[in-house]
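Below is one structure, written out as structure tokens; comments come after it.
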Amino acid sequence: MVSAIEVRDLTKSFDTPGAFPWSRRAAPTLALDRATFDVAAGEIFALIGPNGAGKTTLLKILSTILLPTSGTARILGYDVVEEEAAARARLALVTNSERSFYYRLSGWENLRFFCGLYNMDAREVERTARPIAERLGLDEPLLRRAYRTYSTGTQRKLQFLRAFVLDTPVLFLDEPTSSLDPVSAEEVRAVISKECRDRHQTVVLSANNLVDVERLADRVAMIHRGRLEMFGAPPSSRGATCVRLIVRADEAQTLAAGERWRASHPPDAVPELEAEERAGGTTVLRYWAVDPSRLLPSLLEALRAAGLDVDQVDLRPFVLEEEFLRRVDTGRDEPSVEVGP
Amino acid sequence: MAVESVAPPATPRATDARSILRKVGLFTYLRGWKVWSSYRAQVALTIVSWLVPVFLYFVLAGFLDSSGAVLPSLNGTPYISFFVIGLAFQGFVSNLVGLLAQRIRNEQMMGTLELIFLSPTTPGGILVYSSIFGVVLNIIAAVVILGVGVGLLGVHLAVSWGPAILATVLLAVSSTGLSLVAAAFILWTKQGNPVALFFATFTQFFAGVLFPVAALPSGIQWLANTVPLTFGLDALRPTLLNGASLASVAPALGWMAVYAAITIPLGLWLFGRALRLTKIEGTVATY
């Protein structure tokens with residue numbers, strides 16, 4: 001793999017000032033804890049995690065607008081601290097805030113201004129922007145109107161338009177579809193996918209909407225309490241579906257019955273089982289499979305044979321959400337885990 | 001996962017003379033004029049704010065004349081001429097000192113500061129481009145005040161153009177360091193600008209704007225020497241009103257040059273420190 005972004009032991013802690021200069025300071029908050037990963041050139045890499053986990057902190061350090069406490073990060077070989085200007089010239093950031101344009105200027109004027117900061121002239125801006133604007137549903141009359149008249153969705157789309165017009169080799173997207181309705185979100189996903197793939201652009205995106213990750217990302221990492229906890233392709237891209245069974249039994253009984261069922265099959269024919277005890281005397285039993293219904297009848301039969309009742313069976317196509325919930329619930333102290341292929 | 005090597009760096013668009021001129025245009029016309037002029041009430045009130053003090057002090061001058069009060073050290077200069085020059089350039093310097101801080105504050109409030117600092121345009125370049133529209137506006141304000149003085153209040157100008165222009169440029173340059181210090185404060189603290197506050201209020205009283213420095217109590221006259229405006233007015237009044245030669249105002253020009261040589265590096269250093277602090281604290285985007 002040819003690496004476009006290299007992150008090594010990247011750590012960020014924030015001092016928490018007291019109410020007054022003489023107040024006792026609270027302990028620093030660790031926002032990012034020794035993050036280490038690479039992103040390949042042309043790859044779309046997603047960061048997921050609970051609110052406050054450190055996703056935006058990581059994106060801002062990579063974008064050079066936040067200094068790390070320790071560790072290094074390189075964009076196309078340029079250190080984001082020591083060679084900040086060179087790194088900055090090769091990246092663009094789409095923030096999750098609508099407050100990133102001049103409200104009194106039109107869409108075109110805003111594009112001309114911000115792209116001019118990257119040494120683009122007006123003609124180049126318009127020539128590059130028109131086809132992308134069309135795909136984003138931003139027509140000419142709209143772009144001639146003042147930014148303050150735009151809906152939230154249109155304001156977000158203009159941010160994407162600016163980023164794609166800049167055509168930098170590296171692009172950071174902070175929650176790309178937040179504030180967008182489902183139709184606009186799908187338009188934006190389609191444009192991100194097409195533009196970034198066509199340009200072989202390296203993208204790091206953070207997302208709370210896991211559909212973005214499922215649809216766009218080649219690989220996904222989870223940040224939880226500042227630590228990167230897993231890497232791999234989004235589960236749905238592996239064609240897998242998560243099957244969840246709510247079993248009326250404790251964890252040990254459920255797992256024992258499940259392992260007996262596995263032992264009755266050739267090892268390659270059955271998936272790993274995971275069990276997690278819940279309050280109320282039930283256990284969630286999970287497995288991941290490309291063809292989930294094939295093994296389900298025999299598993300249900302095995303549980304019934306062990307004297308265990310099954311209250312509920314769920315099949316979840318967007319399994320990243322399942323993985324997310326499981327790790328946020330139970331994986332607080334787990335070390336980083338490689339779950340990808 | 002195996003990493004072979006770092007990808008070859010893509011080449012960004014180079015900065016050349018055309019792109020610099022383009023940025024001057026973008027910052028001056030789009031960011032400056034178009035945004036400023038779209039707030040019509042602000043435009044009207046700004047023009048009023050240029051004119052009100054002139055007429056206010058015109059009334060005061062009439063009162064002083066009728067009461068027979070005598071101000072020391074005017075060297076025969078009519079008081080109206082004295083304060084018109086003082087007000088024109090005090091406004092010029094005061095606005096200049098607050099200019100960069102105001103630009104930074106505006107960008108913080110609009111949420112655009114982070115994106116501007118994210119661009120390949122250097123922070124120094126951003127400060128220069130951002131200030132051009134404000135400087136032009138300040139020059140217009142000074143010219144309007146002088147025009148009112150000449151056209152309506154009977155101020156008689158006898159300008160020696162070379163020394164007057166040199167004094168104006170040096171006054172602007174020597175105020176830039178303070179402007180950078182003020183911008184550093186705002187970048188870091190977001191609100192509360194002691195430098196601009198100091199200039200907007202105190203300089204009117206002790207920099208020889210409304211009355212000569214010699215009229216101040218002797219214990220605080222030294223304060224006048226801490227601001228470049230005092231030396232600027234010492235050079236501008238004789239060159240604008242009496243056609244004074246370069247040699248006669250050279251000491252004042254020299255002090256302004258010294259002031260600039262000290263405060264500009266200090267301001268740049270403080271601005272760099274403030275930018276670094278905001279990047280450590282993660283507050284570039286906050287306001």
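Note on naming: chains are A, B, ... as they come in the structure tokens, residues start from 1 per chain, ligands start from 1 in the order shown.
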
Find the residues around B:Trp269 up to 12 Å (only C-alpha atoms counted), leave out those fewer than 3 positions away in its own chain, and share them as a ChimeraX atom specification. /B:124,177-178,180-181,183-184,262-266,272-276

Set the cut-off to 6 Å and count only C-alpha atoms: what are the residues of chain A that reach chain B? Output as a PDB file with all heavy atoms, in the first residue's frame.
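Listed below is the output, part_30.pdb:
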```pdb
ATOM      1  N   MET A   1       0.832  -1.192   0.000  1.00  0.00           N
ATOM      2  CA  MET A   1       0.000   0.000   0.000  1.00  0.00           C
ATOM      3  C   MET A   1       0.875   1.254   0.000  1.00  0.00           C
ATOM      4  O   MET A   1       1.859   1.311   0.721  1.00  0.00           O
ATOM      5  CB  MET A   1      -0.854  -0.005   1.270  1.00  0.00           C
ATOM      6  CG  MET A   1      -1.868   1.086   1.308  1.00  0.00           C
ATOM      7  SD  MET A   1      -2.729   1.142   2.904  1.00  0.00           S
ATOM      8  CE  MET A   1      -1.611   2.088   3.890  1.00  0.00           C
ATOM      9  N   VAL A   2       0.521   2.243  -0.829  1.00  0.00           N
ATOM     10  CA  VAL A   2       1.231   3.520  -0.807  1.00  0.00           C
ATOM     11  C   VAL A   2       0.474   4.454   0.132  1.00  0.00           C
ATOM     12  O   VAL A   2      -0.712   4.684  -0.029  1.00  0.00           O
ATOM     13  CB  VAL A   2       1.294   4.131  -2.227  1.00  0.00           C
ATOM     14  CG1 VAL A   2       1.992   5.479  -2.177  1.00  0.00           C
ATOM     15  CG2 VAL A   2       2.013   3.182  -3.170  1.00  0.00           C
ATOM     16  N   SER A   3       1.197   4.958   1.118  1.00  0.00           N
ATOM     17  CA  SER A   3       0.523   5.708   2.176  1.00  0.00           C
ATOM     18  C   SER A   3       0.476   7.197   1.856  1.00  0.00           C
ATOM     19  O   SER A   3       1.487   7.808   1.539  1.00  0.00           O
ATOM     20  CB  SER A   3       1.272   5.474   3.479  1.00  0.00           C
ATOM     21  OG  SER A   3       0.725   6.249   4.487  1.00  0.00           O
ATOM     22  N   ALA A   4      -0.713   7.802   1.950  1.00  0.00           N
ATOM     23  CA  ALA A   4      -0.843   9.258   1.772  1.00  0.00           C
ATOM     24  C   ALA A   4      -0.862   9.964   3.111  1.00  0.00           C
ATOM     25  O   ALA A   4      -0.445  11.105   3.222  1.00  0.00           O
ATOM     26  CB  ALA A   4      -2.116   9.568   0.996  1.00  0.00           C
ATOM     27  N   ILE A  65      -4.892  22.736  11.906  1.00  0.00           N
ATOM     28  CA  ILE A  65      -5.451  23.849  12.686  1.00  0.00           C
ATOM     29  C   ILE A  65      -5.506  23.537  14.178  1.00  0.00           C
ATOM     30  O   ILE A  65      -6.029  24.320  14.965  1.00  0.00           O
ATOM     31  CB  ILE A  65      -6.839  24.298  12.172  1.00  0.00           C
ATOM     32  CG1 ILE A  65      -7.731  23.118  11.945  1.00  0.00           C
ATOM     33  CG2 ILE A  65      -6.703  25.144  10.944  1.00  0.00           C
ATOM     34  CD1 ILE A  65      -9.098  23.506  11.451  1.00  0.00           C
ATOM     35  N   LEU A  66      -4.950  22.410  14.560  1.00  0.00           N
ATOM     36  CA  LEU A  66      -4.822  22.065  15.976  1.00  0.00           C
ATOM     37  C   LEU A  66      -3.469  21.384  16.139  1.00  0.00           C
ATOM     38  O   LEU A  66      -3.098  20.531  15.326  1.00  0.00           O
ATOM     39  CB  LEU A  66      -5.966  21.115  16.371  1.00  0.00           C
ATOM     40  CG  LEU A  66      -6.053  20.686  17.823  1.00  0.00           C
ATOM     41  CD1 LEU A  66      -6.330  21.881  18.737  1.00  0.00           C
ATOM     42  CD2 LEU A  66      -7.171  19.650  18.002  1.00  0.00           C
ATOM     43  N   LEU A  67      -2.735  21.785  17.164  1.00  0.00           N
ATOM     44  CA  LEU A  67      -1.405  21.200  17.367  1.00  0.00           C
ATOM     45  C   LEU A  67      -1.506  19.993  18.291  1.00  0.00           C
ATOM     46  O   LEU A  67      -2.171  20.056  19.326  1.00  0.00           O
ATOM     47  CB  LEU A  67      -0.468  22.240  17.989  1.00  0.00           C
ATOM     48  CG  LEU A  67       0.014  23.340  17.039  1.00  0.00           C
ATOM     49  CD1 LEU A  67       0.727  24.436  17.818  1.00  0.00           C
ATOM     50  CD2 LEU A  67       0.924  22.782  15.973  1.00  0.00           C
ATOM     51  N   LEU A  76       0.963  13.354   2.737  1.00  0.00           N
ATOM     52  CA  LEU A  76       1.805  13.199   1.531  1.00  0.00           C
ATOM     53  C   LEU A  76       3.288  13.423   1.872  1.00  0.00           C
ATOM     54  O   LEU A  76       4.018  14.051   1.109  1.00  0.00           O
ATOM     55  CB  LEU A  76       1.355  14.161   0.428  1.00  0.00           C
ATOM     56  CG  LEU A  76      -0.060  13.917  -0.096  1.00  0.00           C
ATOM     57  CD1 LEU A  76      -0.498  15.028  -1.014  1.00  0.00           C
ATOM     58  CD2 LEU A  76      -0.172  12.574  -0.800  1.00  0.00           C
ATOM     59  N   GLY A  77       3.679  12.971   3.021  1.00  0.00           N
ATOM     60  CA  GLY A  77       5.082  13.069   3.431  1.00  0.00           C
ATOM     61  C   GLY A  77       5.437  14.322   4.203  1.00  0.00           C
ATOM     62  O   GLY A  77       6.536  14.439   4.728  1.00  0.00           O
ATOM     63  N   ARG A  88      -0.649  21.953   4.378  1.00  0.00           N
ATOM     64  CA  ARG A  88      -1.906  22.685   4.250  1.00  0.00           C
ATOM     65  C   ARG A  88      -2.291  22.904   2.786  1.00  0.00           C
ATOM     66  O   ARG A  88      -3.465  22.877   2.427  1.00  0.00           O
ATOM     67  CB  ARG A  88      -1.750  24.033   4.943  1.00  0.00           C
ATOM     68  CG  ARG A  88      -2.961  24.509   5.650  1.00  0.00           C
ATOM     69  CD  ARG A  88      -2.679  25.686   6.529  1.00  0.00           C
ATOM     70  NE  ARG A  88      -1.915  26.716   5.850  1.00  0.00           N
ATOM     71  CZ  ARG A  88      -0.998  27.467   6.426  1.00  0.00           C
ATOM     72  NH1 ARG A  88      -0.705  27.283   7.693  1.00  0.00           N
ATOM     73  NH2 ARG A  88      -0.349  28.389   5.763  1.00  0.00           N
ATOM     74  N   ALA A  89      -1.295  23.122   1.952  1.00  0.00           N
ATOM     75  CA  ALA A  89      -1.560  23.386   0.537  1.00  0.00           C
ATOM     76  C   ALA A  89      -2.103  22.157  -0.178  1.00  0.00           C
ATOM     77  O   ALA A  89      -2.585  22.257  -1.304  1.00  0.00           O
ATOM     78  CB  ALA A  89      -0.281  23.859  -0.140  1.00  0.00           C
ATOM     79  N   ARG A  99     -21.502  27.796   9.304  1.00  0.00           N
ATOM     80  CA  ARG A  99     -20.900  29.126   9.419  1.00  0.00           C
ATOM     81  C   ARG A  99     -19.491  29.090   8.838  1.00  0.00           C
ATOM     82  O   ARG A  99     -18.515  29.203   9.558  1.00  0.00           O
ATOM     83  CB  ARG A  99     -20.849  29.549  10.886  1.00  0.00           C
ATOM     84  CG  ARG A  99     -22.186  29.890  11.481  1.00  0.00           C
ATOM     85  CD  ARG A  99     -22.095  30.172  12.953  1.00  0.00           C
ATOM     86  NE  ARG A  99     -21.146  31.224  13.260  1.00  0.00           N
ATOM     87  CZ  ARG A  99     -19.930  31.033  13.766  1.00  0.00           C
ATOM     88  NH1 ARG A  99     -19.512  29.820  14.000  1.00  0.00           N
ATOM     89  NH2 ARG A  99     -19.140  32.041  14.024  1.00  0.00           N
ATOM     90  N   SER A 100     -19.397  28.927   7.546  1.00  0.00           N
ATOM     91  CA  SER A 100     -18.059  28.892   6.965  1.00  0.00           C
ATOM     92  C   SER A 100     -18.018  29.650   5.643  1.00  0.00           C
ATOM     93  O   SER A 100     -17.117  29.460   4.839  1.00  0.00           O
ATOM     94  CB  SER A 100     -17.603  27.453   6.760  1.00  0.00           C
ATOM     95  OG  SER A 100     -18.478  26.793   5.894  1.00  0.00           O
ATOM     96  N   ARG A 104     -23.278  37.592   3.365  1.00  0.00           N
ATOM     97  CA  ARG A 104     -23.721  38.685   2.491  1.00  0.00           C
ATOM     98  C   ARG A 104     -23.295  38.499   1.043  1.00  0.00           C
ATOM     99  O   ARG A 104     -23.696  39.273   0.178  1.00  0.00           O
ATOM    100  CB  ARG A 104     -23.149  40.009   3.012  1.00  0.00           C
ATOM    101  CG  ARG A 104     -23.676  40.391   4.387  1.00  0.00           C
ATOM    102  CD  ARG A 104     -25.040  40.991   4.242  1.00  0.00           C
ATOM    103  NE  ARG A 104     -25.724  41.164   5.487  1.00  0.00           N
ATOM    104  CZ  ARG A 104     -26.699  42.047   5.663  1.00  0.00           C
ATOM    105  NH1 ARG A 104     -27.051  42.843   4.691  1.00  0.00           N
ATOM    106  NH2 ARG A 104     -27.318  42.128   6.805  1.00  0.00           N
ATOM    107  N   PHE A 113     -13.904  33.731  -3.716  1.00  0.00           N
ATOM    108  CA  PHE A 113     -13.050  34.218  -2.626  1.00  0.00           C
ATOM    109  C   PHE A 113     -12.216  33.078  -2.047  1.00  0.00           C
ATOM    110  O   PHE A 113     -10.981  33.173  -1.987  1.00  0.00           O
ATOM    111  CB  PHE A 113     -13.908  34.859  -1.522  1.00  0.00           C
ATOM    112  CG  PHE A 113     -13.087  35.348  -0.357  1.00  0.00           C
ATOM    113  CD1 PHE A 113     -12.480  36.593  -0.397  1.00  0.00           C
ATOM    114  CD2 PHE A 113     -12.883  34.550   0.753  1.00  0.00           C
ATOM    115  CE1 PHE A 113     -11.681  37.035   0.652  1.00  0.00           C
ATOM    116  CE2 PHE A 113     -12.093  34.977   1.811  1.00  0.00           C
ATOM    117  CZ  PHE A 113     -11.492  36.226   1.756  1.00  0.00           C
ATOM    118  N   LEU A 117      -7.969  32.018  -2.417  1.00  0.00           N
ATOM    119  CA  LEU A 117      -6.937  31.834  -1.389  1.00  0.00           C
ATOM    120  C   LEU A 117      -6.008  30.679  -1.748  1.00  0.00           C
ATOM    121  O   LEU A 117      -4.904  30.570  -1.228  1.00  0.00           O
ATOM    122  CB  LEU A 117      -7.582  31.560  -0.028  1.00  0.00           C
ATOM    123  CG  LEU A 117      -8.448  32.673   0.576  1.00  0.00           C
ATOM    124  CD1 LEU A 117      -9.054  32.223   1.894  1.00  0.00           C
ATOM    125  CD2 LEU A 117      -7.625  33.923   0.793  1.00  0.00           C
ATOM    126  N   TYR A 118      -6.494  29.788  -2.622  1.00  0.00           N
ATOM    127  CA  TYR A 118      -5.670  28.664  -3.102  1.00  0.00           C
ATOM    128  C   TYR A 118      -5.105  28.977  -4.493  1.00  0.00           C
ATOM    129  O   TYR A 118      -4.741  28.077  -5.242  1.00  0.00           O
ATOM    130  CB  TYR A 118      -6.511  27.389  -3.164  1.00  0.00           C
ATOM    131  CG  TYR A 118      -6.883  26.837  -1.807  1.00  0.00           C
ATOM    132  CD1 TYR A 118      -7.850  27.461  -1.015  1.00  0.00           C
ATOM    133  CD2 TYR A 118      -6.277  25.696  -1.297  1.00  0.00           C
ATOM    134  CE1 TYR A 118      -8.188  26.966   0.235  1.00  0.00           C
ATOM    135  CE2 TYR A 118      -6.609  25.200  -0.042  1.00  0.00           C
ATOM    136  CZ  TYR A 118      -7.567  25.836   0.717  1.00  0.00           C
ATOM    137  OH  TYR A 118      -7.888  25.344   1.960  1.00  0.00           O
ATOM    138  N   ASN A 119      -5.062  30.287  -4.825  1.00  0.00           N
ATOM    139  CA  ASN A 119      -4.463  30.781  -6.079  1.00  0.00           C
ATOM    140  C   ASN A 119      -5.231  30.350  -7.325  1.00  0.00           C
ATOM    141  O   ASN A 119      -4.644  30.222  -8.398  1.00  0.00           O
ATOM    142  CB  ASN A 119      -2.991  30.351  -6.194  1.00  0.00           C
ATOM    143  CG  ASN A 119      -2.160  30.906  -5.058  1.00  0.00           C
ATOM    144  OD1 ASN A 119      -2.435  32.002  -4.575  1.00  0.00           O
ATOM    145  ND2 ASN A 119      -1.166  30.163  -4.619  1.00  0.00           N
TER     146      ASN A 119
END
```

Length of the atom CA of A:Asp311 to atom CA of A:Val247 vector [Å]: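 One can read the atom CA of A:Asp311 to atom CA of A:Val247 distance as 6.0 Å.
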
Can you pull out every residue within 7 Å of stretch 238-254 of chain B, counting only C-alpha atoms, but drop anything in the same chain fewer than 3 positions away, and send it as an mmCIF file with N, CA, C and O atoms, in the first residue's frame?
```
data_model
loop_
_atom_site.group_PDB
_atom_site.id
_atom_site.type_symbol
_atom_site.label_atom_id
_atom_site.label_comp_id
_atom_site.auth_asym_id
_atom_site.auth_seq_id
_atom_site.Cartn_x
_atom_site.Cartn_y
_atom_site.Cartn_z
ATOM 1 N N HIS B 156 -7.133 76.619 6.309
ATOM 2 C CA HIS B 156 -6.314 76.916 5.134
ATOM 3 C C HIS B 156 -5.114 75.975 5.096
ATOM 4 O O HIS B 156 -4.330 75.921 6.033
ATOM 5 N N LEU B 157 -5.024 75.177 4.013
ATOM 6 C CA LEU B 157 -3.907 74.236 3.876
ATOM 7 C C LEU B 157 -2.813 74.837 3.007
ATOM 8 O O LEU B 157 -3.103 75.468 1.984
ATOM 9 N N ALA B 158 -1.561 74.642 3.425
ATOM 10 C CA ALA B 158 -0.401 74.971 2.576
ATOM 11 C C ALA B 158 0.515 73.763 2.636
ATOM 12 O O ALA B 158 1.348 73.645 3.530
ATOM 13 N N VAL B 159 0.278 72.817 1.692
ATOM 14 C CA VAL B 159 0.849 71.471 1.821
ATOM 15 C C VAL B 159 2.211 71.359 1.146
ATOM 16 O O VAL B 159 2.376 71.793 -0.002
ATOM 17 N N SER B 160 3.176 70.795 1.867
ATOM 18 C CA SER B 160 4.395 70.339 1.186
ATOM 19 C C SER B 160 4.216 68.831 1.014
ATOM 20 O O SER B 160 4.319 68.063 1.976
ATOM 21 N N PRO B 163 6.976 65.647 2.095
ATOM 22 C CA PRO B 163 7.071 65.379 3.527
ATOM 23 C C PRO B 163 5.727 64.948 4.142
ATOM 24 O O PRO B 163 5.703 64.094 5.037
ATOM 25 N N ALA B 164 4.609 65.520 3.644
ATOM 26 C CA ALA B 164 3.297 65.162 4.214
ATOM 27 C C ALA B 164 2.961 63.702 3.917
ATOM 28 O O ALA B 164 2.488 62.961 4.798
ATOM 29 N N ALA B 167 5.205 61.490 5.977
ATOM 30 C CA ALA B 167 4.759 61.463 7.374
ATOM 31 C C ALA B 167 3.532 60.574 7.543
ATOM 32 O O ALA B 167 3.423 59.818 8.518
ATOM 33 N N LEU B 170 4.665 56.916 7.225
ATOM 34 C CA LEU B 170 5.385 56.496 8.438
ATOM 35 C C LEU B 170 4.449 56.372 9.633
ATOM 36 O O LEU B 170 4.618 55.485 10.474
ATOM 37 N N PHE B 231 4.136 62.046 17.345
ATOM 38 C CA PHE B 231 5.179 62.426 16.388
ATOM 39 C C PHE B 231 4.581 62.648 15.002
ATOM 40 O O PHE B 231 5.022 63.515 14.249
ATOM 41 N N GLY B 232 3.555 61.837 14.676
ATOM 42 C CA GLY B 232 2.889 61.999 13.388
ATOM 43 C C GLY B 232 2.263 63.382 13.268
ATOM 44 O O GLY B 232 2.409 64.056 12.235
ATOM 45 N N ASP B 234 3.105 66.001 15.005
ATOM 46 C CA ASP B 234 4.199 66.985 15.003
ATOM 47 C C ASP B 234 4.735 67.207 13.588
ATOM 48 O O ASP B 234 5.205 68.301 13.257
ATOM 49 N N ALA B 235 4.680 66.133 12.765
ATOM 50 C CA ALA B 235 5.164 66.252 11.383
ATOM 51 C C ALA B 235 4.065 66.729 10.438
ATOM 52 O O ALA B 235 4.326 67.482 9.505
ATOM 53 N N ALA B 257 9.993 56.065 12.640
ATOM 54 C CA ALA B 257 10.716 54.929 12.054
ATOM 55 C C ALA B 257 11.253 54.023 13.160
ATOM 56 O O ALA B 257 11.170 52.785 13.062
ATOM 57 N N VAL B 258 11.790 54.622 14.217
ATOM 58 C CA VAL B 258 12.295 53.835 15.346
ATOM 59 C C VAL B 258 11.145 53.058 15.992
ATOM 60 O O VAL B 258 11.258 51.865 16.303
#
```

For B:Ala260: contacts at 8 Å, only C-alpha atoms, fewer than 4 positions along chain excluded, given as a ChimeraX atom specification: /B:173-177,256,264

Write down as a ChimeraX atom specification the residues belonging to stretch 27-221 of chain B that are assigned helix (DSSP H, G or I) by DSSP computed on the backbone. /B:27-38,40-67,79-110,113-118,123-151,161-189,194-201,203-206,213-215,218-221

Exercise: A:Thr72 partners within 7 Å, only C-alpha atoms, chain neighbours under 6 positions left out, as a PyMOL selection string: chain A and resi 7-10
